[in-house]
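Everything below belongs to data_22.pdb, which stores PDB, C-alpha atoms.
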```pdb
ATOM      1  CA  MET A   1     -75.762  36.595   1.291
ATOM      2  CA  GLN A   2     -72.943  38.413  -0.486
ATOM      3  CA  PHE A   3     -69.598  38.310   1.303
ATOM      4  CA  LYS A   4     -67.755  40.915  -0.762
ATOM      5  CA  GLU A   5     -66.202  43.829   1.077
ATOM      6  CA  LYS A   6     -65.854  47.262  -0.521
ATOM      7  CA  THR A   7     -62.668  49.288  -0.199
ATOM      8  CA  GLU A   8     -63.604  52.742   1.044
ATOM      9  CA  GLN A   9     -60.113  54.237   1.361
ATOM     10  CA  ILE A  10     -56.612  52.946   0.589
ATOM     11  CA  ASN A  11     -53.921  54.140   3.019
ATOM     12  CA  TYR A  12     -50.286  53.269   2.290
ATOM     13  CA  VAL A  13     -48.187  52.861   5.425
ATOM     14  CA  TYR A  14     -45.000  51.725   3.661
ATOM     15  CA  LYS A  15     -43.809  51.375   0.062
ATOM     16  CA  GLY A  16     -40.763  49.202  -0.442
ATOM     17  CA  LYS A  17     -38.739  47.304  -3.027
ATOM     18  CA  ILE A  18     -40.536  43.974  -2.511
ATOM     19  CA  ILE A  19     -43.733  44.846  -0.639
ATOM     20  CA  ASN A  20     -46.106  47.691   0.101
ATOM     21  CA  VAL A  21     -48.103  47.776   3.334
ATOM     22  CA  ARG A  22     -51.608  49.222   3.503
ATOM     23  CA  LYS A  23     -54.102  49.954   6.261
ATOM     24  CA  ASP A  24     -57.407  50.376   4.407
ATOM     25  CA  ASN A  25     -60.903  51.357   5.446
ATOM     26  CA  ALA A  26     -63.452  48.834   4.187
ATOM     27  CA  ILE A  27     -67.210  48.445   4.227
ATOM     28  CA  LEU A  28     -68.405  44.980   5.279
ATOM     29  CA  PRO A  29     -71.396  43.134   3.767
ATOM     30  CA  ASN A  30     -73.588  44.263   6.688
ATOM     31  CA  GLY A  31     -72.683  47.937   6.071
ATOM     32  CA  SER A  32     -70.344  48.409   9.038
ATOM     33  CA  SER A  33     -66.744  49.635   8.704
ATOM     34  CA  ALA A  34     -63.536  47.715   9.326
ATOM     35  CA  ILE A  35     -59.789  48.237   9.058
ATOM     36  CA  ARG A  36     -58.043  45.830   6.670
ATOM     37  CA  GLU A  37     -54.263  45.508   6.825
ATOM     38  CA  MET A  38     -52.732  44.242   3.620
ATOM     39  CA  VAL A  39     -49.330  43.481   2.167
ATOM     40  CA  GLU A  40     -49.122  44.114  -1.582
ATOM     41  CA  HIS A  41     -46.715  41.844  -3.451
ATOM     42  CA  SER A  42     -46.181  41.490  -7.194
ATOM     43  CA  GLY A  43     -46.333  37.713  -6.933
ATOM     44  CA  GLY A  44     -43.945  35.100  -8.141
ATOM     45  CA  SER A  45     -43.398  31.899 -10.014
ATOM     46  CA  ALA A  46     -42.025  28.576  -8.852
ATOM     47  CA  VAL A  47     -41.054  25.559 -10.898
ATOM     48  CA  ILE A  48     -40.950  21.786 -10.399
ATOM     49  CA  CYS A  49     -38.024  20.355 -12.308
ATOM     50  CA  GLU A  50     -37.865  16.566 -12.556
ATOM     51  CA  LYS A  51     -35.258  14.331 -14.172
ATOM     52  CA  ASP A  52     -34.500  10.612 -13.837
ATOM     53  CA  GLY A  53     -36.780  10.185 -10.807
ATOM     54  CA  LYS A  54     -35.211  13.149  -9.016
ATOM     55  CA  ILE A  55     -36.493  16.645  -8.313
ATOM     56  CA  LEU A  56     -34.365  19.767  -8.157
ATOM     57  CA  LEU A  57     -34.506  21.546  -4.803
ATOM     58  CA  VAL A  58     -32.586  24.550  -3.581
ATOM     59  CA  LYS A  59     -31.506  25.192  -0.014
ATOM     60  CA  GLN A  60     -31.173  28.757   1.176
ATOM     61  CA  PHE A  61     -31.242  30.789   4.361
ATOM     62  CA  ARG A  62     -34.552  32.591   4.900
ATOM     63  CA  TYR A  63     -34.082  35.604   7.134
ATOM     64  CA  PRO A  64     -37.650  35.834   8.572
ATOM     65  CA  TYR A  65     -37.371  32.284   9.948
ATOM     66  CA  GLY A  66     -33.669  32.342  10.755
ATOM     67  CA  GLU A  67     -33.058  28.985   9.104
ATOM     68  CA  GLU A  68     -32.160  27.263   5.860
ATOM     69  CA  LEU A  69     -35.144  25.947   3.896
ATOM     70  CA  TRP A  70     -35.491  23.433   1.075
ATOM     71  CA  GLU A  71     -37.563  24.896  -1.761
ATOM     72  CA  ILE A  72     -38.286  24.473  -5.436
ATOM     73  CA  PRO A  73     -36.679  27.223  -7.556
ATOM     74  CA  ALA A  74     -38.809  30.359  -7.377
ATOM     75  CA  GLY A  75     -38.684  34.105  -7.626
ATOM     76  CA  LYS A  76     -40.536  37.389  -7.707
ATOM     77  CA  LEU A  77     -42.201  38.650 -10.866
ATOM     78  CA  ASN A  78     -40.573  41.718 -12.337
ATOM     79  CA  VAL A  79     -42.898  44.520 -13.437
ATOM     80  CA  GLY A  80     -44.623  43.476 -16.682
ATOM     81  CA  GLU A  81     -42.935  40.062 -16.760
ATOM     82  CA  ASP A  82     -44.815  36.981 -17.964
ATOM     83  CA  PRO A  83     -45.010  34.542 -15.008
ATOM     84  CA  ALA A  84     -43.890  31.645 -17.253
ATOM     85  CA  GLN A  85     -40.737  33.601 -18.116
ATOM     86  CA  THR A  86     -40.146  34.218 -14.411
ATOM     87  CA  ALA A  87     -40.232  30.453 -13.831
ATOM     88  CA  ILE A  88     -37.790  29.821 -16.702
ATOM     89  CA  ARG A  89     -35.476  32.611 -15.484
ATOM     90  CA  GLU A  90     -35.478  31.448 -11.876
ATOM     91  CA  LEU A  91     -34.827  27.803 -12.787
ATOM     92  CA  GLU A  92     -31.689  28.803 -14.654
ATOM     93  CA  GLU A  93     -30.582  31.388 -12.084
ATOM     94  CA  GLU A  94     -31.016  29.124  -9.056
ATOM     95  CA  GLY A  95     -30.633  25.648 -10.527
ATOM     96  CA  GLY A  96     -28.411  25.984 -13.570
ATOM     97  CA  ILE A  97     -31.122  24.375 -15.714
ATOM     98  CA  LYS A  98     -32.572  25.918 -18.866
ATOM     99  CA  ALA A  99     -36.142  24.824 -19.621
ATOM    100  CA  GLU A 100     -37.349  24.737 -23.215
ATOM    101  CA  LYS A 101     -40.805  25.467 -21.841
ATOM    102  CA  VAL A 102     -42.856  25.399 -18.668
ATOM    103  CA  VAL A 103     -46.417  24.150 -18.194
ATOM    104  CA  LYS A 104     -48.617  25.851 -15.638
ATOM    105  CA  LEU A 105     -49.938  23.540 -12.940
ATOM    106  CA  PHE A 106     -51.836  25.921 -10.625
ATOM    107  CA  ASP A 107     -51.824  29.134  -8.585
ATOM    108  CA  VAL A 108     -51.209  29.278  -4.838
ATOM    109  CA  TYR A 109     -52.463  32.003  -2.488
ATOM    110  CA  PRO A 110     -49.855  31.641   0.289
ATOM    111  CA  THR A 111     -51.504  33.811   2.958
ATOM    112  CA  PRO A 112     -54.933  35.093   1.862
ATOM    113  CA  ALA A 113     -55.726  36.811   5.165
ATOM    114  CA  TYR A 114     -53.254  39.651   4.642
ATOM    115  CA  THR A 115     -51.488  39.568   1.266
ATOM    116  CA  ASN A 116     -52.489  39.614  -2.398
ATOM    117  CA  GLU A 117     -49.438  37.564  -3.404
ATOM    118  CA  ILE A 118     -50.054  34.829  -5.973
ATOM    119  CA  ILE A 119     -47.425  32.168  -6.663
ATOM    120  CA  ARG A 120     -47.777  30.453 -10.029
ATOM    121  CA  ILE A 121     -46.496  26.881 -10.035
ATOM    122  CA  TYR A 122     -45.041  25.426 -13.247
ATOM    123  CA  ARG A 123     -43.507  22.155 -14.431
ATOM    124  CA  ALA A 124     -40.309  22.441 -16.487
ATOM    125  CA  GLU A 125     -39.896  20.549 -19.780
ATOM    126  CA  GLY A 126     -37.038  20.193 -22.241
ATOM    127  CA  LEU A 127     -34.144  20.528 -19.815
ATOM    128  CA  THR A 128     -30.582  21.584 -20.643
ATOM    129  CA  GLU A 129     -27.880  21.969 -18.006
ATOM    130  CA  THR A 130     -26.266  25.424 -18.003
ATOM    131  CA  LYS A 131     -24.897  27.267 -14.997
ATOM    132  CA  MET A 132     -26.375  29.116 -12.065
ATOM    133  CA  HIS A 133     -26.683  32.923 -12.261
ATOM    134  CA  LEU A 134     -27.398  33.935  -8.675
ATOM    135  CA  ASP A 135     -28.303  37.499  -7.766
ATOM    136  CA  GLU A 136     -25.613  39.441  -5.911
ATOM    137  CA  ASP A 137     -27.425  39.010  -2.578
ATOM    138  CA  GLU A 138     -28.470  35.384  -3.158
ATOM    139  CA  PHE A 139     -26.651  32.423  -1.607
ATOM    140  CA  LEU A 140     -27.975  28.895  -2.125
ATOM    141  CA  CYS A 141     -27.171  25.407  -3.298
ATOM    142  CA  ALA A 142     -29.157  23.311  -5.751
ATOM    143  CA  LYS A 143     -29.463  19.543  -5.438
ATOM    144  CA  TRP A 144     -31.224  16.759  -7.343
ATOM    145  CA  ILE A 145     -33.022  14.631  -4.750
ATOM    146  CA  GLU A 146     -34.724  11.274  -5.314
ATOM    147  CA  LYS A 147     -38.515  11.263  -4.913
ATOM    148  CA  ASP A 148     -38.421   8.646  -2.143
ATOM    149  CA  LYS A 149     -35.984  10.783  -0.162
ATOM    150  CA  ILE A 150     -38.209  13.840  -0.692
ATOM    151  CA  LYS A 151     -41.199  11.911   0.678
ATOM    152  CA  LYS A 152     -39.113  11.055   3.746
ATOM    153  CA  MET A 153     -37.980  14.693   4.112
ATOM    154  CA  ILE A 154     -41.637  15.799   4.029
ATOM    155  CA  SER A 155     -42.722  13.232   6.623
ATOM    156  CA  GLN A 156     -39.814  14.252   8.878
ATOM    157  CA  GLY A 157     -40.731  17.947   8.633
ATOM    158  CA  LYS A 158     -37.536  18.854   6.777
ATOM    159  CA  ILE A 159     -39.436  20.608   3.973
ATOM    160  CA  LYS A 160     -41.517  23.428   5.448
ATOM    161  CA  ASP A 161     -42.054  25.891   2.605
ATOM    162  CA  ALA A 162     -45.748  25.948   1.621
ATOM    163  CA  LYS A 163     -45.353  26.462  -2.143
ATOM    164  CA  THR A 164     -42.794  23.664  -2.241
ATOM    165  CA  LEU A 165     -44.936  21.245  -0.245
ATOM    166  CA  ILE A 166     -47.981  21.912  -2.410
ATOM    167  CA  ALA A 167     -46.013  21.561  -5.641
ATOM    168  CA  LEU A 168     -44.234  18.384  -4.487
ATOM    169  CA  LEU A 169     -47.413  16.727  -3.284
ATOM    170  CA  SER A 170     -48.911  17.294  -6.738
ATOM    171  CA  VAL A 171     -46.158  15.228  -8.400
ATOM    172  CA  LEU A 172     -45.227  12.633  -5.765
TER
END
```
Reformat the file's structure so that it appears as structure tokens.
Amino acid sequence: MQFKEKTEQINYVYKGKIINVRKDNAILPNGSSAIREMVEHSGGSAVICEKDGKILLVKQFRYPYGEELWEIPAGKLNVGEDPAQTAIRELEEEGGIKAEKVVKLFDVYPTPAYTNEIIRIYRAEGLTETKMHLDEDEFLCAKWIEKDKIKKMISQGKIKDAKTLIALLSVL
């Protein structure tokens, strides 16, 4: 049996700076109709940066959850931007680290039920310390944390961000 659904009509409900929201009409594999709600997102890149047995994490307040989260440096793709360049840019902006290059590890689909967002996970290589270049509306701190402490933070539920957990578990 084929499981593919066919989009019959795309209906934009909201178009914003970061996301668009759709309420589409779709045809299911059995021929019946269904409504599919979807959040369009340009995607992003995240980067694991490791040095001397430590990994760079950033801590920032995340409005939807109302709390500060530990994450690997990450950011939204700009229109037409190469995802590897996004990873390099975000590492320097958020962590004050310039990477000579990044190596792609894998893609993550954070919430496949309702968004098309893809987060590309990279590993940074050839590190040079520079300075942070935070966006005007961005407030965070960057910290090098030992791998053993990160394992403890994960087991204690102190790291909750999905992309970060997946990326960390691939290198710990």
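In this structure, atom CA of Gln2 of chain A sits 12.5 Å away from atom CA of Ile27 of chain A.
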### Task
Using all atoms listed in the file, collect all residues at a distance of at most 6 Å from (-37.9, 24.3, -25.9) as written in the file, then present them as number ranges by chain.
A: 100-101, 126
### Message
Applying the PyMOL selection byres ((chain A and resi 77-87) around 6) to the file I just gave you, which residues come out? Please list them as a list in words.
### Response
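When the PyMOL selection byres ((chain A and resi 77-87) around 6) is applied, the selected residues are Gly43, Gly44, Ser45, Ala46, Val47, Lys76, Ile88, Arg89 and Glu90 of chain A.
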### Task
Report as an MDAnalysis selection string the residues that result from applying the PyMOL selection byres ((chain A and resi 26) around 10) to the structure here.
chainID A and resid 5:10 23:25 27:29 31:36
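Using only C-alpha atoms, the smallest distance between any of A:Glu40, A:Glu125, A:Asp135, A:Glu71 and Met153 of chain A comes from A:Glu71.
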Kindly add N, CA and C atoms to the incomplete segment 6-37 of chain A and provide the output as a PDB file, in the frame of the given file.
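Saved the output as selection.pdb:
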```pdb
ATOM      1  N   LYS A   6     -66.150  46.148   0.376  1.00  0.00           N
ATOM      2  CA  LYS A   6     -65.854  47.262  -0.521  1.00  0.00           C
ATOM      3  C   LYS A   6     -64.767  48.132   0.103  1.00  0.00           C
ATOM      4  N   THR A   7     -63.723  48.409  -0.673  1.00  0.00           N
ATOM      5  CA  THR A   7     -62.668  49.288  -0.199  1.00  0.00           C
ATOM      6  C   THR A   7     -63.174  50.725  -0.224  1.00  0.00           C
ATOM      7  N   GLU A   8     -63.149  51.356   0.929  1.00  0.00           N
ATOM      8  CA  GLU A   8     -63.604  52.742   1.044  1.00  0.00           C
ATOM      9  C   GLU A   8     -62.438  53.713   0.860  1.00  0.00           C
ATOM     10  N   GLN A   9     -61.287  53.380   1.471  1.00  0.00           N
ATOM     11  CA  GLN A   9     -60.113  54.237   1.361  1.00  0.00           C
ATOM     12  C   GLN A   9     -58.858  53.384   1.472  1.00  0.00           C
ATOM     13  N   ILE A  10     -57.909  53.631   0.570  1.00  0.00           N
ATOM     14  CA  ILE A  10     -56.612  52.946   0.589  1.00  0.00           C
ATOM     15  C   ILE A  10     -55.607  53.873   1.256  1.00  0.00           C
ATOM     16  N   ASN A  11     -54.904  53.351   2.268  1.00  0.00           N
ATOM     17  CA  ASN A  11     -53.921  54.140   3.019  1.00  0.00           C
ATOM     18  C   ASN A  11     -52.589  53.397   3.036  1.00  0.00           C
ATOM     19  N   TYR A  12     -51.601  53.902   2.294  1.00  0.00           N
ATOM     20  CA  TYR A  12     -50.286  53.269   2.290  1.00  0.00           C
ATOM     21  C   TYR A  12     -49.522  53.658   3.548  1.00  0.00           C
ATOM     22  N   VAL A  13     -48.993  52.665   4.230  1.00  0.00           N
ATOM     23  CA  VAL A  13     -48.187  52.861   5.425  1.00  0.00           C
ATOM     24  C   VAL A  13     -46.707  52.801   5.056  1.00  0.00           C
ATOM     25  N   TYR A  14     -46.388  51.940   4.068  1.00  0.00           N
ATOM     26  CA  TYR A  14     -45.000  51.725   3.661  1.00  0.00           C
ATOM     27  C   TYR A  14     -44.976  51.283   2.203  1.00  0.00           C
ATOM     28  N   LYS A  15     -44.035  51.826   1.439  1.00  0.00           N
ATOM     29  CA  LYS A  15     -43.809  51.375   0.062  1.00  0.00           C
ATOM     30  C   LYS A  15     -42.343  50.977  -0.055  1.00  0.00           C
ATOM     31  N   GLY A  16     -42.126  49.712  -0.384  1.00  0.00           N
ATOM     32  CA  GLY A  16     -40.763  49.202  -0.442  1.00  0.00           C
ATOM     33  C   GLY A  16     -40.417  48.583  -1.775  1.00  0.00           C
ATOM     34  N   LYS A  17     -39.258  47.955  -1.820  1.00  0.00           N
ATOM     35  CA  LYS A  17     -38.739  47.304  -3.027  1.00  0.00           C
ATOM     36  C   LYS A  17     -39.503  46.019  -3.349  1.00  0.00           C
ATOM     37  N   ILE A  18     -39.884  45.271  -2.321  1.00  0.00           N
ATOM     38  CA  ILE A  18     -40.536  43.974  -2.511  1.00  0.00           C
ATOM     39  C   ILE A  18     -42.015  44.016  -2.141  1.00  0.00           C
ATOM     40  N   ILE A  19     -42.346  44.781  -1.116  1.00  0.00           N
ATOM     41  CA  ILE A  19     -43.733  44.846  -0.639  1.00  0.00           C
ATOM     42  C   ILE A  19     -44.164  46.283  -0.391  1.00  0.00           C
ATOM     43  N   ASN A  20     -45.471  46.481  -0.400  1.00  0.00           N
ATOM     44  CA  ASN A  20     -46.106  47.691   0.101  1.00  0.00           C
ATOM     45  C   ASN A  20     -47.045  47.252   1.211  1.00  0.00           C
ATOM     46  N   VAL A  21     -47.203  48.087   2.230  1.00  0.00           N
ATOM     47  CA  VAL A  21     -48.103  47.776   3.334  1.00  0.00           C
ATOM     48  C   VAL A  21     -49.203  48.826   3.377  1.00  0.00           C
ATOM     49  N   ARG A  22     -50.445  48.335   3.456  1.00  0.00           N
ATOM     50  CA  ARG A  22     -51.608  49.222   3.503  1.00  0.00           C
ATOM     51  C   ARG A  22     -52.423  48.981   4.768  1.00  0.00           C
ATOM     52  N   LYS A  23     -53.126  50.033   5.176  1.00  0.00           N
ATOM     53  CA  LYS A  23     -54.102  49.954   6.261  1.00  0.00           C
ATOM     54  C   LYS A  23     -55.348  50.647   5.730  1.00  0.00           C
ATOM     55  N   ASP A  24     -56.246  49.854   5.131  1.00  0.00           N
ATOM     56  CA  ASP A  24     -57.407  50.376   4.407  1.00  0.00           C
ATOM     57  C   ASP A  24     -58.652  50.445   5.277  1.00  0.00           C
ATOM     58  N   ASN A  25     -59.551  51.319   4.874  1.00  0.00           N
ATOM     59  CA  ASN A  25     -60.903  51.357   5.446  1.00  0.00           C
ATOM     60  C   ASN A  25     -61.793  50.589   4.478  1.00  0.00           C
ATOM     61  N   ALA A  26     -62.579  49.664   5.022  1.00  0.00           N
ATOM     62  CA  ALA A  26     -63.452  48.834   4.187  1.00  0.00           C
ATOM     63  C   ALA A  26     -64.871  48.829   4.745  1.00  0.00           C
ATOM     64  N   ILE A  27     -65.811  48.600   3.849  1.00  0.00           N
ATOM     65  CA  ILE A  27     -67.210  48.445   4.227  1.00  0.00           C
ATOM     66  C   ILE A  27     -67.556  46.963   4.126  1.00  0.00           C
ATOM     67  N   LEU A  28     -68.057  46.399   5.209  1.00  0.00           N
ATOM     68  CA  LEU A  28     -68.405  44.980   5.279  1.00  0.00           C
ATOM     69  C   LEU A  28     -69.771  44.724   4.656  1.00  0.00           C
ATOM     70  N   PRO A  29     -70.100  43.460   4.375  1.00  0.00           N
ATOM     71  CA  PRO A  29     -71.396  43.134   3.767  1.00  0.00           C
ATOM     72  C   PRO A  29     -72.612  43.645   4.557  1.00  0.00           C
ATOM     73  N   ASN A  30     -72.461  43.774   5.873  1.00  0.00           N
ATOM     74  CA  ASN A  30     -73.588  44.263   6.688  1.00  0.00           C
ATOM     75  C   ASN A  30     -73.626  45.794   6.797  1.00  0.00           C
ATOM     76  N   GLY A  31     -72.703  46.471   6.093  1.00  0.00           N
ATOM     77  CA  GLY A  31     -72.683  47.937   6.071  1.00  0.00           C
ATOM     78  C   GLY A  31     -71.785  48.580   7.106  1.00  0.00           C
ATOM     79  N   SER A  32     -71.242  47.813   8.050  1.00  0.00           N
ATOM     80  CA  SER A  32     -70.344  48.409   9.038  1.00  0.00           C
ATOM     81  C   SER A  32     -68.935  48.558   8.465  1.00  0.00           C
ATOM     82  N   SER A  33     -68.117  49.346   9.154  1.00  0.00           N
ATOM     83  CA  SER A  33     -66.744  49.635   8.704  1.00  0.00           C
ATOM     84  C   SER A  33     -65.750  48.718   9.403  1.00  0.00           C
ATOM     85  N   ALA A  34     -64.614  48.512   8.741  1.00  0.00           N
ATOM     86  CA  ALA A  34     -63.536  47.715   9.326  1.00  0.00           C
ATOM     87  C   ALA A  34     -62.208  48.200   8.762  1.00  0.00           C
ATOM     88  N   ILE A  35     -61.150  47.972   9.514  1.00  0.00           N
ATOM     89  CA  ILE A  35     -59.789  48.237   9.058  1.00  0.00           C
ATOM     90  C   ILE A  35     -59.258  46.925   8.474  1.00  0.00           C
ATOM     91  N   ARG A  36     -58.657  47.003   7.300  1.00  0.00           N
ATOM     92  CA  ARG A  36     -58.043  45.830   6.670  1.00  0.00           C
ATOM     93  C   ARG A  36     -56.573  46.138   6.415  1.00  0.00           C
ATOM     94  N   GLU A  37     -55.692  45.370   7.055  1.00  0.00           N
ATOM     95  CA  GLU A  37     -54.263  45.508   6.825  1.00  0.00           C
ATOM     96  C   GLU A  37     -53.868  44.553   5.712  1.00  0.00           C
TER      97      GLU A  37
END
```
